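*Asks:* I'd like to ask some things about the structure below.
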Amino acid sequence: MRATRGTRPGFLFLTGILSTLLLAVAIGCGGETVVQTVVVEKTVVVEKTTIVEKPVEKVVQQTVVQTKVVEKPVEVTKIVQQTVVVVATAQPTATATAKPTGPSGSIDGAATDIRFGIGTPRFDVQQSYDSKAGVIEPLVMAVWTDASKSDLVAKPLLAESWKIDPALKFMDFTIKKGVKFHDGSIMTADDVAWSYNDANSRVTKESVHDTAGDLAAAYEAFKVIDADTVRVPFVIYQSHGTLRNLSTFWEAPGVHSKKLFDKLGAEGMRDVNIGTGPLKVIQWTRNDRVVLEAFDQYHGGAGMPIIKTVRIFEVPENAARRAMMETGLVAFANPALEDWEGLLKKGFKLAPEGFTGETILAFGGNWWEKTSVVSGQPLERKVDTSIPYIGNIDDAAQWEKARKVRTALGLDVRREDILKSIYKGQGEVVHVPGWPPSAPGHKKEWTWSFDAAQAKSLMAEAGQQNGFKIEWWVGPSDTGVQLVEALCGQWTADLKVTCNIDKQVYGTYRPTIINRTTTKMWLCGTDGVNVPLTWPKGFLLSSVSAGGFMCGTEHRPFGETFIKMANESDSKKLLELSSQFYDEVRRTAAQIGIVSVPSFPLYNPQIIESWEMLPEGKGSLAGFNNLHRIKLKQK
């Protein structure tokens with residue numbers, strides 16, 4: 001299963017000579033002695049006490065390392081080693097260390113938001129975080145086909161192989177044998193089918209899983225064909241479905257234990273978050289930390305996982321994450337763009353994979369479909385036209401006034417200034433979601449040039465010359481709040497539009513998106529610029545996504561485009577359909593682009609020797625993934 005990736009927007013990586021991060025503390029002259037006491041427990045026979053001393057010409061520091069033996073019902077080796085350091089520059093003396101034979105080492109990181117882990121798929125509104133953390137795994141893994149990172153292909157993970165029905169009605173997955181859950185039980189085809197069905201709102205109506213709507217739009221109930229085979233029936237065949245819905249690239253659900261569900265029930269399983277991944281949960285506390293430990297019975301390749309323990313702390317403040325990296329409290333984090341230059345100059349490095357996120361204005365409440373584009377069934381939606389940017393498709397005059405208001409807001413944005421001041425020039429201006437100006441085929445007609453005079457004129461034509469108040473959901477993000485404050489400041493000055501900023505956490509706001517009751521504005525970048533331009537467009541702006549996440553508008557032409565693209569395999573035709581989709585996005589002002597900016601983790605190369613990551617299509621958990629492949633530098 002392969003998908004060609006669209007051209008990613010060029011963004012300026014900070015270049016130049018990156019100075020090495022100084023982690024050593026300067027040592028003064030004199031005969032100062034530092035005493036360190038270390039507790040060691042070893043279940044071996046006590047043989048002797050050894051003292052090793054190296055004479056020198058001039059003593060600059062003396063370090064005494066004493067091993068304190070803890071009394072246990074086992075024999076303990078006591079070793080006292082005394083070393084006199086003589087090098088005037090205080091360079092550490094190299095010592096031979098035994099090569100670890102299994103997972104080893106501990107490492108800490110900091111993320112803007114860790115969300116929370118939940119063991120029952122139907123209740124997990126942010127299961128993509130569990131997947132990126134390496135706790136759960138989907139059926140397949142997404143990898144780049146070559147170093148150009150322009151082509152994605154699906155590789156086996158929990159599925160050994162798969163085949164698609166020639167009539168495009170279903171696909172069958174052969175499940176890998178012998179895979180163990182973190183509780184030691186063996187994964188079966190029953191576990192696979194149940195996990196996806198429990199997350200799929202088409203099957204489990206109460207599901208609020210973060211891809212409940214995606215699954216409902218794509219799949220009927222998964223079926224167990226035999227002990228090793230799971231059949232996946234299509235609602236709509238999607239050419240990109242395996243990579244988008246069932247792989248590590250996006251937000252695919254992971255496999256949980258049906259046996260545990262049968263024992264504990266949906267509610268009882270909430271707090272028991274086990275999967276088949278290389279790392280198991282030791283602690284996951286919302287707004288605090290997640291602690292992960294290597295799963296020593298992991299089914300992956302030899303020598304996996306590499307790392308023993310990973311801790312990630314939730315630190316929403318940009319300055320605090322930077323300080324934690326600079327002081328060595330964490331070895332990796334997702335710093336704000338404004339902090340990249342300083343950290344790179346100090347020797348920190350960009351992780352090999354990241355996410356280019358888009359900042360796109362979304363207008364909640366624009367429900368323009370009367371019946372589902374998939375089923376034809378009536379849709380129950382309330383259209384609140386008292387809000388100036390919400391249009392009623394049955395009232396052409398009113399709909400046009402609302403379109404003019406949205407257009408006015410889009411014209412009164414100083415994109416270049418925002419990119420420079422808030423994002424330090426990293427990234428680029430965008431006009432429509434998912435097709436950056438730097439990509440071939442971008443049309444001039446899609447652009448949003450700053451024009452305050454035209455914006456004022458459109459507001460007057462819409463009868464909104466005196467302005468109004470906008471309800472904005474932003475969340476607690478520092479950068480998001482800065483951006484909305486900048487936008488609203490401009491609108492207040494030019495258009496008399498003021499804003500009330502809602503900073504509640506996403507989990508609290510999300511239900512109004514799922515049940516289509518939101519009327520607020522928020523930032524919603526649809527699929528983003530990391531996905532190929534040939535992937536079907538319109539899912540998040542139509543009733544195809546009913547029951548799941550979306551971006552504030554349901555418009556039948558968008559849904560029809562999605563269905564056409566989902567059944568098309570010719571790249572040229574797919575690009576033509578994609579272009580038509582963006583024509584309609586710009587005409588309706590259903591979404592308005594601001595900027596796209598890179599979001600990459602940075603890490604300390606003095607601590608981390610290498611970090612092999614997977615392609616990142618979503619950016620969940622601060623863009624961290626494949627944490628179990630972090631290799632520490634040997635001391």
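Quick note on naming: the chains in the structure tokens go A, B, ... in the order shown, residues restart at 1 in each chain, and ligands are numbered from 1 in order of appearance.
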List the neighbours of stretch 597-605 of chain A out to 7 Å using only C-alpha atoms; skip same-chain residues closer than 3 positions along the sequence, and give me the result as a PyMOL selection string.
*Replies:* chain A and resi 331-334+348-351+353-358+426-428+608-609+623-624
*Asks:* Only N, CA and C atoms, please: the residues just picked out, written as a PDB file, in the first residue's frame.
*Replies:*
ATOM      1  N   ALA A 331      16.106  15.691  28.082  1.00  0.00           N
ATOM      2  CA  ALA A 331      17.006  15.491  26.944  1.00  0.00           C
ATOM      3  C   ALA A 331      16.347  15.801  25.615  1.00  0.00           C
ATOM      4  N   PHE A 332      15.005  15.900  25.613  1.00  0.00           N
ATOM      5  CA  PHE A 332      14.304  16.248  24.377  1.00  0.00           C
ATOM      6  C   PHE A 332      13.005  16.972  24.714  1.00  0.00           C
ATOM      7  N   ALA A 333      12.539  17.797  23.786  1.00  0.00           N
ATOM      8  CA  ALA A 333      11.317  18.576  23.991  1.00  0.00           C
ATOM      9  C   ALA A 333      10.866  19.136  22.656  1.00  0.00           C
ATOM     10  N   ASN A 334       9.697  19.773  22.653  1.00  0.00           N
ATOM     11  CA  ASN A 334       9.230  20.479  21.463  1.00  0.00           C
ATOM     12  C   ASN A 334       9.225  21.974  21.765  1.00  0.00           C
ATOM     13  N   PHE A 348      22.023  21.717  20.497  1.00  0.00           N
ATOM     14  CA  PHE A 348      20.890  20.806  20.392  1.00  0.00           C
ATOM     15  C   PHE A 348      20.596  20.537  18.916  1.00  0.00           C
ATOM     16  N   LYS A 349      19.978  19.393  18.629  1.00  0.00           N
ATOM     17  CA  LYS A 349      19.722  18.993  17.253  1.00  0.00           C
ATOM     18  C   LYS A 349      18.239  18.761  16.999  1.00  0.00           C
ATOM     19  N   LEU A 350      17.851  18.956  15.728  1.00  0.00           N
ATOM     20  CA  LEU A 350      16.487  18.647  15.311  1.00  0.00           C
ATOM     21  C   LEU A 350      16.329  17.139  15.195  1.00  0.00           C
ATOM     22  N   ALA A 351      15.207  16.624  15.648  1.00  0.00           N
ATOM     23  CA  ALA A 351      14.901  15.211  15.459  1.00  0.00           C
ATOM     24  C   ALA A 351      14.727  14.934  13.967  1.00  0.00           C
ATOM     25  N   GLU A 353      12.438  13.490  12.270  1.00  0.00           N
ATOM     26  CA  GLU A 353      11.087  13.633  11.733  1.00  0.00           C
ATOM     27  C   GLU A 353      10.344  14.705  12.516  1.00  0.00           C
ATOM     28  N   GLY A 354       9.452  15.389  11.836  1.00  0.00           N
ATOM     29  CA  GLY A 354       8.641  16.406  12.486  1.00  0.00           C
ATOM     30  C   GLY A 354       7.339  16.584  11.737  1.00  0.00           C
ATOM     31  N   PHE A 355       6.632  17.616  12.099  1.00  0.00           N
ATOM     32  CA  PHE A 355       5.304  17.846  11.530  1.00  0.00           C
ATOM     33  C   PHE A 355       5.212  19.308  11.115  1.00  0.00           C
ATOM     34  N   THR A 356       4.774  19.549   9.888  1.00  0.00           N
ATOM     35  CA  THR A 356       4.549  20.915   9.442  1.00  0.00           C
ATOM     36  C   THR A 356       3.069  21.227   9.622  1.00  0.00           C
ATOM     37  N   GLY A 357       2.773  21.954  10.667  1.00  0.00           N
ATOM     38  CA  GLY A 357       1.381  22.232  11.001  1.00  0.00           C
ATOM     39  C   GLY A 357       0.872  23.503  10.349  1.00  0.00           C
ATOM     40  N   GLU A 358      -0.414  23.532  10.089  1.00  0.00           N
ATOM     41  CA  GLU A 358      -1.036  24.694   9.480  1.00  0.00           C
ATOM     42  C   GLU A 358      -1.930  25.416  10.477  1.00  0.00           C
ATOM     43  N   GLN A 426       9.958  31.275  10.462  1.00  0.00           N
ATOM     44  CA  GLN A 426      10.049  29.862  10.097  1.00  0.00           C
ATOM     45  C   GLN A 426       8.726  29.389   9.503  1.00  0.00           C
ATOM     46  N   GLY A 427       8.759  28.813   8.316  1.00  0.00           N
ATOM     47  CA  GLY A 427       7.550  28.356   7.666  1.00  0.00           C
ATOM     48  C   GLY A 427       7.194  29.243   6.490  1.00  0.00           C
ATOM     49  N   GLU A 428       5.910  29.329   6.191  1.00  0.00           N
ATOM     50  CA  GLU A 428       5.473  30.171   5.075  1.00  0.00           C
ATOM     51  C   GLU A 428       4.004  30.533   5.246  1.00  0.00           C
ATOM     52  N   ILE A 608      21.671  11.803  23.754  1.00  0.00           N
ATOM     53  CA  ILE A 608      21.082  10.897  22.769  1.00  0.00           C
ATOM     54  C   ILE A 608      22.039  10.728  21.593  1.00  0.00           C
ATOM     55  N   GLU A 609      22.451   9.495  21.345  1.00  0.00           N
ATOM     56  CA  GLU A 609      23.337   9.215  20.220  1.00  0.00           C
ATOM     57  C   GLU A 609      22.555   9.176  18.911  1.00  0.00           C
ATOM     58  N   GLY A 623       5.010  15.567  18.506  1.00  0.00           N
ATOM     59  CA  GLY A 623       5.796  15.049  17.396  1.00  0.00           C
ATOM     60  C   GLY A 623       6.723  13.925  17.782  1.00  0.00           C
ATOM     61  N   PHE A 624       6.712  13.498  19.057  1.00  0.00           N
ATOM     62  CA  PHE A 624       7.555  12.386  19.479  1.00  0.00           C
ATOM     63  C   PHE A 624       6.974  11.084  18.914  1.00  0.00           C
TER      64      PHE A 624
END
*Asks:* Can you pull out every residue from stretch 463-549 of chain A that DSSP, working from the backbone, puts in strand (DSSP E), and format the result as a list in words?
*Replies:*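 Listing strand (DSSP E) positions across stretch 463-549 of chain A yields Lys469, Ile470, Glu471, Trp472, Trp473, Thr498, Cys499, Asn500, Ile501, Asp502, Met521, Trp522 and Leu523 of chain A.
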*Asks:* Write out as a PyMOL selection string the set of residues from stretch 294-419 of chain A that DSSP, computed on the backbone, places in alpha helix (DSSP H).
*Replies:* chain A and resi 318-326+340-345+396-411+415-419
*Asks:* Using only C-alpha atoms, which protein or nucleic acid residues come within 10 Å of stretch 392-404 of chain A? Drop anything in the same chain fewer than 5 positions from it, and give the result as a PyMOL selection string.
*Replies:* chain A and resi 365-370+382-385+387+409-410+455+457-464+555+587-590
*Asks:* Within 7 Å of stretch 486-506 of chain A, which residues of stretch 390-465 of chain A come that close, and what is the closest atom pair and distance in Å for each? Count only C-alpha atoms and give it as a Markdown table.
*Replies:*
| residue | atom | partner | partner_atom | distance |
| --- | --- | --- | --- | --- |
| A:Asp412 | CA | A:Trp491 | CA | 6.7 |
| A:Val413 | CA | A:Leu487 | CA | 6.6 |
| A:Ala452 | CA | A:Asp494 | CA | 6.7 |
| A:Lys456 | CA | A:Leu495 | CA | 6.1 |
*Asks:* For A:Leu243, which of A:Ala111, A:Ala362, A:Val373, A:Val531 is the closest residue, counting only C-alpha atoms?
*Replies:*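 Smallest separation from A:Leu243 among the options: A:Val531.
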*Asks:* What's the separation between atom CA of A:Glu251 and atom CA of A:Glu293, in Å to one decimal place?
*Replies:* 22.4 Å
*Asks:* Looking at A:Pro156, A:Pro440, A:Pro253, A:Gly277, which one is nearest to A:Phe123, with distances taken over only C-alpha atoms?
*Replies:*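 So, comparing all the options, the nearest one is A:Pro253.
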*Asks:* Between A:Val484, A:Val595, A:Ile514, A:Ala439, which is the closest to A:Gly425 once you count only C-alpha atoms?
*Replies:* A:Val595
*Asks:* May I have the residues within 9 Å of A:Leu292 as number ranges by chain, using only C-alpha atoms and disregarding those fewer than 2 positions away in the same chain?
*Replies:* A: 133-135, 279-284, 290, 294, 308-312
*Asks:* Go ahead and save the picked residues with all heavy atoms, as a compact mmCIF listing (two decimals), in the first residue's frame.
*Replies:*
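The new file again_25.txt reads:
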# COMPACT_ATOMS: atom_id res chain seq x y z
N ALA A 133 3.26 7.24 21.75
CA ALA A 133 4.09 6.90 22.91
C ALA A 133 4.62 5.48 22.83
O ALA A 133 5.53 5.11 23.58
CB ALA A 133 3.28 7.07 24.20
N GLY A 134 4.07 4.66 21.93
CA GLY A 134 4.54 3.29 21.78
C GLY A 134 3.86 2.30 22.69
O GLY A 134 4.36 1.20 22.90
N VAL A 135 2.70 2.67 23.24
CA VAL A 135 1.97 1.79 24.15
C VAL A 135 1.08 0.83 23.36
O VAL A 135 1.02 -0.36 23.66
CB VAL A 135 1.12 2.61 25.13
CG1 VAL A 135 0.27 1.70 26.01
CG2 VAL A 135 2.01 3.50 25.98
N LEU A 279 6.68 -0.17 24.63
CA LEU A 279 6.73 0.48 25.93
C LEU A 279 5.40 0.29 26.65
O LEU A 279 4.34 0.40 26.04
CB LEU A 279 7.04 1.97 25.78
CG LEU A 279 8.38 2.32 25.12
CD1 LEU A 279 8.49 3.82 24.90
CD2 LEU A 279 9.55 1.83 25.96
N LYS A 280 5.46 0.03 27.94
CA LYS A 280 4.23 -0.15 28.72
C LYS A 280 4.10 1.00 29.72
O LYS A 280 5.09 1.60 30.15
CB LYS A 280 4.25 -1.48 29.46
CG LYS A 280 5.41 -1.70 30.40
CD LYS A 280 5.38 -3.10 30.99
CE LYS A 280 6.55 -3.32 31.94
NZ LYS A 280 6.56 -4.70 32.51
N VAL A 281 2.87 1.29 30.08
CA VAL A 281 2.58 2.42 30.96
C VAL A 281 2.84 2.05 32.42
O VAL A 281 2.32 1.05 32.91
CB VAL A 281 1.11 2.87 30.81
CG1 VAL A 281 0.79 3.98 31.80
CG2 VAL A 281 0.85 3.35 29.39
N ILE A 282 3.65 2.86 33.08
CA ILE A 282 3.85 2.74 34.52
C ILE A 282 3.01 3.78 35.24
O ILE A 282 2.42 3.55 36.28
CB ILE A 282 5.34 2.92 34.88
CG1 ILE A 282 6.19 1.88 34.13
CG2 ILE A 282 5.54 2.80 36.38
CD1 ILE A 282 5.80 0.45 34.41
N GLN A 283 2.94 4.99 34.64
CA GLN A 283 2.13 6.07 35.19
C GLN A 283 1.71 6.99 34.05
O GLN A 283 2.50 7.27 33.15
CB GLN A 283 2.91 6.87 36.23
CG GLN A 283 2.18 8.08 36.80
CD GLN A 283 3.05 8.96 37.67
OE1 GLN A 283 4.21 8.63 37.95
NE2 GLN A 283 2.52 10.07 38.12
N TRP A 284 0.46 7.43 34.08
CA TRP A 284 0.00 8.44 33.11
C TRP A 284 -0.97 9.36 33.84
O TRP A 284 -2.13 9.01 34.04
CB TRP A 284 -0.67 7.79 31.91
CG TRP A 284 -0.75 8.70 30.70
CD1 TRP A 284 -1.07 10.01 30.69
CD2 TRP A 284 -0.50 8.33 29.34
NE1 TRP A 284 -1.04 10.52 29.41
CE2 TRP A 284 -0.69 9.50 28.55
CE3 TRP A 284 -0.16 7.15 28.70
CZ2 TRP A 284 -0.54 9.50 27.17
CZ3 TRP A 284 -0.01 7.15 27.32
CH2 TRP A 284 -0.19 8.32 26.57
N VAL A 290 3.85 11.20 31.92
CA VAL A 290 3.65 9.81 31.52
C VAL A 290 4.99 9.12 31.71
O VAL A 290 6.04 9.64 31.31
CB VAL A 290 3.15 9.69 30.08
CG1 VAL A 290 4.04 10.42 29.09
CG2 VAL A 290 3.01 8.23 29.68
N ALA A 294 10.28 -0.28 29.18
CA ALA A 294 10.44 -1.25 28.10
C ALA A 294 9.64 -2.52 28.39
O ALA A 294 9.64 -3.03 29.51
CB ALA A 294 11.91 -1.59 27.93
N LYS A 308 15.26 1.75 28.33
CA LYS A 308 14.58 1.07 29.43
C LYS A 308 13.40 1.88 29.96
O LYS A 308 12.30 1.36 30.13
CB LYS A 308 15.58 0.81 30.56
CG LYS A 308 14.98 0.17 31.82
CD LYS A 308 14.49 -1.23 31.57
CE LYS A 308 14.01 -1.90 32.85
NZ LYS A 308 13.46 -3.25 32.60
N THR A 309 13.62 3.19 30.23
CA THR A 309 12.58 4.02 30.84
C THR A 309 12.51 5.38 30.15
O THR A 309 13.55 5.98 29.87
CB THR A 309 12.85 4.23 32.34
OG1 THR A 309 13.02 2.96 32.97
CG2 THR A 309 11.71 4.98 32.99
N VAL A 310 11.30 5.82 29.88
CA VAL A 310 11.07 7.14 29.29
C VAL A 310 10.04 7.87 30.14
O VAL A 310 8.98 7.32 30.46
CB VAL A 310 10.55 7.04 27.84
CG1 VAL A 310 10.31 8.44 27.27
CG2 VAL A 310 11.52 6.27 26.96
N ARG A 311 10.36 9.10 30.51
CA ARG A 311 9.40 9.95 31.22
C ARG A 311 9.18 11.21 30.40
O ARG A 311 10.13 11.84 29.95
CB ARG A 311 9.91 10.33 32.62
CG ARG A 311 10.12 9.16 33.55
CD ARG A 311 10.39 9.62 34.98
NE ARG A 311 11.56 10.52 35.05
CZ ARG A 311 11.95 11.15 36.15
NH1 ARG A 311 11.27 10.99 37.28
NH2 ARG A 311 13.02 11.93 36.14
N ILE A 312 7.90 11.57 30.22
CA ILE A 312 7.57 12.80 29.50
C ILE A 312 6.71 13.66 30.41
O ILE A 312 5.68 13.21 30.92
CB ILE A 312 6.81 12.50 28.20
CG1 ILE A 312 7.65 11.59 27.29
CG2 ILE A 312 6.47 13.80 27.47
CD1 ILE A 312 6.91 11.12 26.06
*Asks:* Counting only C-alpha atoms, what is within 12 Å of stretch 321-326 of chain A, bar same-chain residues fewer than 4 positions away, as a ChimeraX atom specification?
*Replies:* /A:21-23,108-113,312-317,330-349,478,601-607,622
*Asks:* Contacts of stretch 205-212 of chain A at 8 Å or less, counting only C-alpha atoms, minus same-chain residues fewer than 4 places along, as a PyMOL selection string?
*Replies:* chain A and resi 121-128+198-201+216+251-253+547-549
*Asks:* Could you write those residues out with N, CA, C and O atoms, as a compact mmCIF listing (two decimals), in the first residue's frame?
*Replies:*
# COMPACT_ATOMS: atom_id res chain seq x y z
N PRO A 121 -11.01 1.63 24.11
CA PRO A 121 -10.97 2.40 22.86
C PRO A 121 -12.10 3.40 22.70
O PRO A 121 -11.88 4.55 22.30
N ARG A 122 -13.33 3.03 23.02
CA ARG A 122 -14.48 3.91 22.79
C ARG A 122 -14.41 5.20 23.58
O ARG A 122 -14.98 6.21 23.19
N PHE A 123 -13.71 5.18 24.70
CA PHE A 123 -13.63 6.36 25.56
C PHE A 123 -12.39 7.20 25.32
O PHE A 123 -12.23 8.27 25.90
N ASP A 124 -11.49 6.73 24.46
CA ASP A 124 -10.19 7.39 24.31
C ASP A 124 -10.24 8.45 23.23
O ASP A 124 -10.05 8.17 22.04
N VAL A 125 -10.46 9.70 23.64
CA VAL A 125 -10.57 10.80 22.67
C VAL A 125 -9.22 11.23 22.12
O VAL A 125 -9.16 12.03 21.19
N GLN A 126 -8.14 10.71 22.68
CA GLN A 126 -6.81 11.06 22.19
C GLN A 126 -5.92 9.83 22.14
O GLN A 126 -4.80 9.82 22.61
N GLN A 127 -6.42 8.74 21.54
CA GLN A 127 -5.64 7.51 21.51
C GLN A 127 -4.39 7.64 20.64
O GLN A 127 -3.46 6.86 20.77
N SER A 128 -4.38 8.63 19.75
CA SER A 128 -3.19 8.83 18.94
C SER A 128 -1.97 9.13 19.82
O SER A 128 -0.84 8.82 19.44
N ASP A 198 -14.85 -1.32 18.62
CA ASP A 198 -15.17 -0.54 19.81
C ASP A 198 -14.89 0.94 19.59
O ASP A 198 -15.56 1.80 20.16
N ALA A 199 -13.91 1.26 18.74
CA ALA A 199 -13.58 2.65 18.43
C ALA A 199 -14.48 3.24 17.35
O ALA A 199 -14.71 4.45 17.31
N ASN A 200 -15.03 2.39 16.50
CA ASN A 200 -15.82 2.81 15.33
C ASN A 200 -17.23 3.18 15.77
O ASN A 200 -18.01 2.34 16.22
N SER A 201 -17.61 4.44 15.60
CA SER A 201 -18.94 4.88 16.03
C SER A 201 -20.06 4.32 15.16
O SER A 201 -21.23 4.37 15.54
N ALA A 216 -16.02 5.24 11.04
CA ALA A 216 -17.43 5.08 10.64
C ALA A 216 -17.63 5.39 9.17
O ALA A 216 -18.45 4.75 8.49
N GLU A 251 -3.65 8.73 12.81
CA GLU A 251 -4.23 8.55 14.14
C GLU A 251 -4.90 7.18 14.28
O GLU A 251 -5.94 7.05 14.90
N ALA A 252 -4.31 6.17 13.70
CA ALA A 252 -4.95 4.85 13.69
C ALA A 252 -5.18 4.32 15.10
O ALA A 252 -4.31 4.46 15.97
N PRO A 253 -6.33 3.70 15.34
CA PRO A 253 -6.54 3.03 16.63
C PRO A 253 -5.53 1.90 16.81
O PRO A 253 -5.03 1.34 15.83
N GLY A 547 -20.14 12.19 13.07
CA GLY A 547 -19.85 11.33 14.20
C GLY A 547 -18.43 11.42 14.68
O GLY A 547 -18.06 10.83 15.70
N GLY A 548 -17.60 12.17 13.96
CA GLY A 548 -16.20 12.32 14.33
C GLY A 548 -15.76 13.77 14.23
O GLY A 548 -16.56 14.69 14.09
N PHE A 549 -14.46 13.97 14.26
CA PHE A 549 -13.89 15.30 14.20
C PHE A 549 -14.12 15.93 12.83
O PHE A 549 -14.21 15.24 11.81
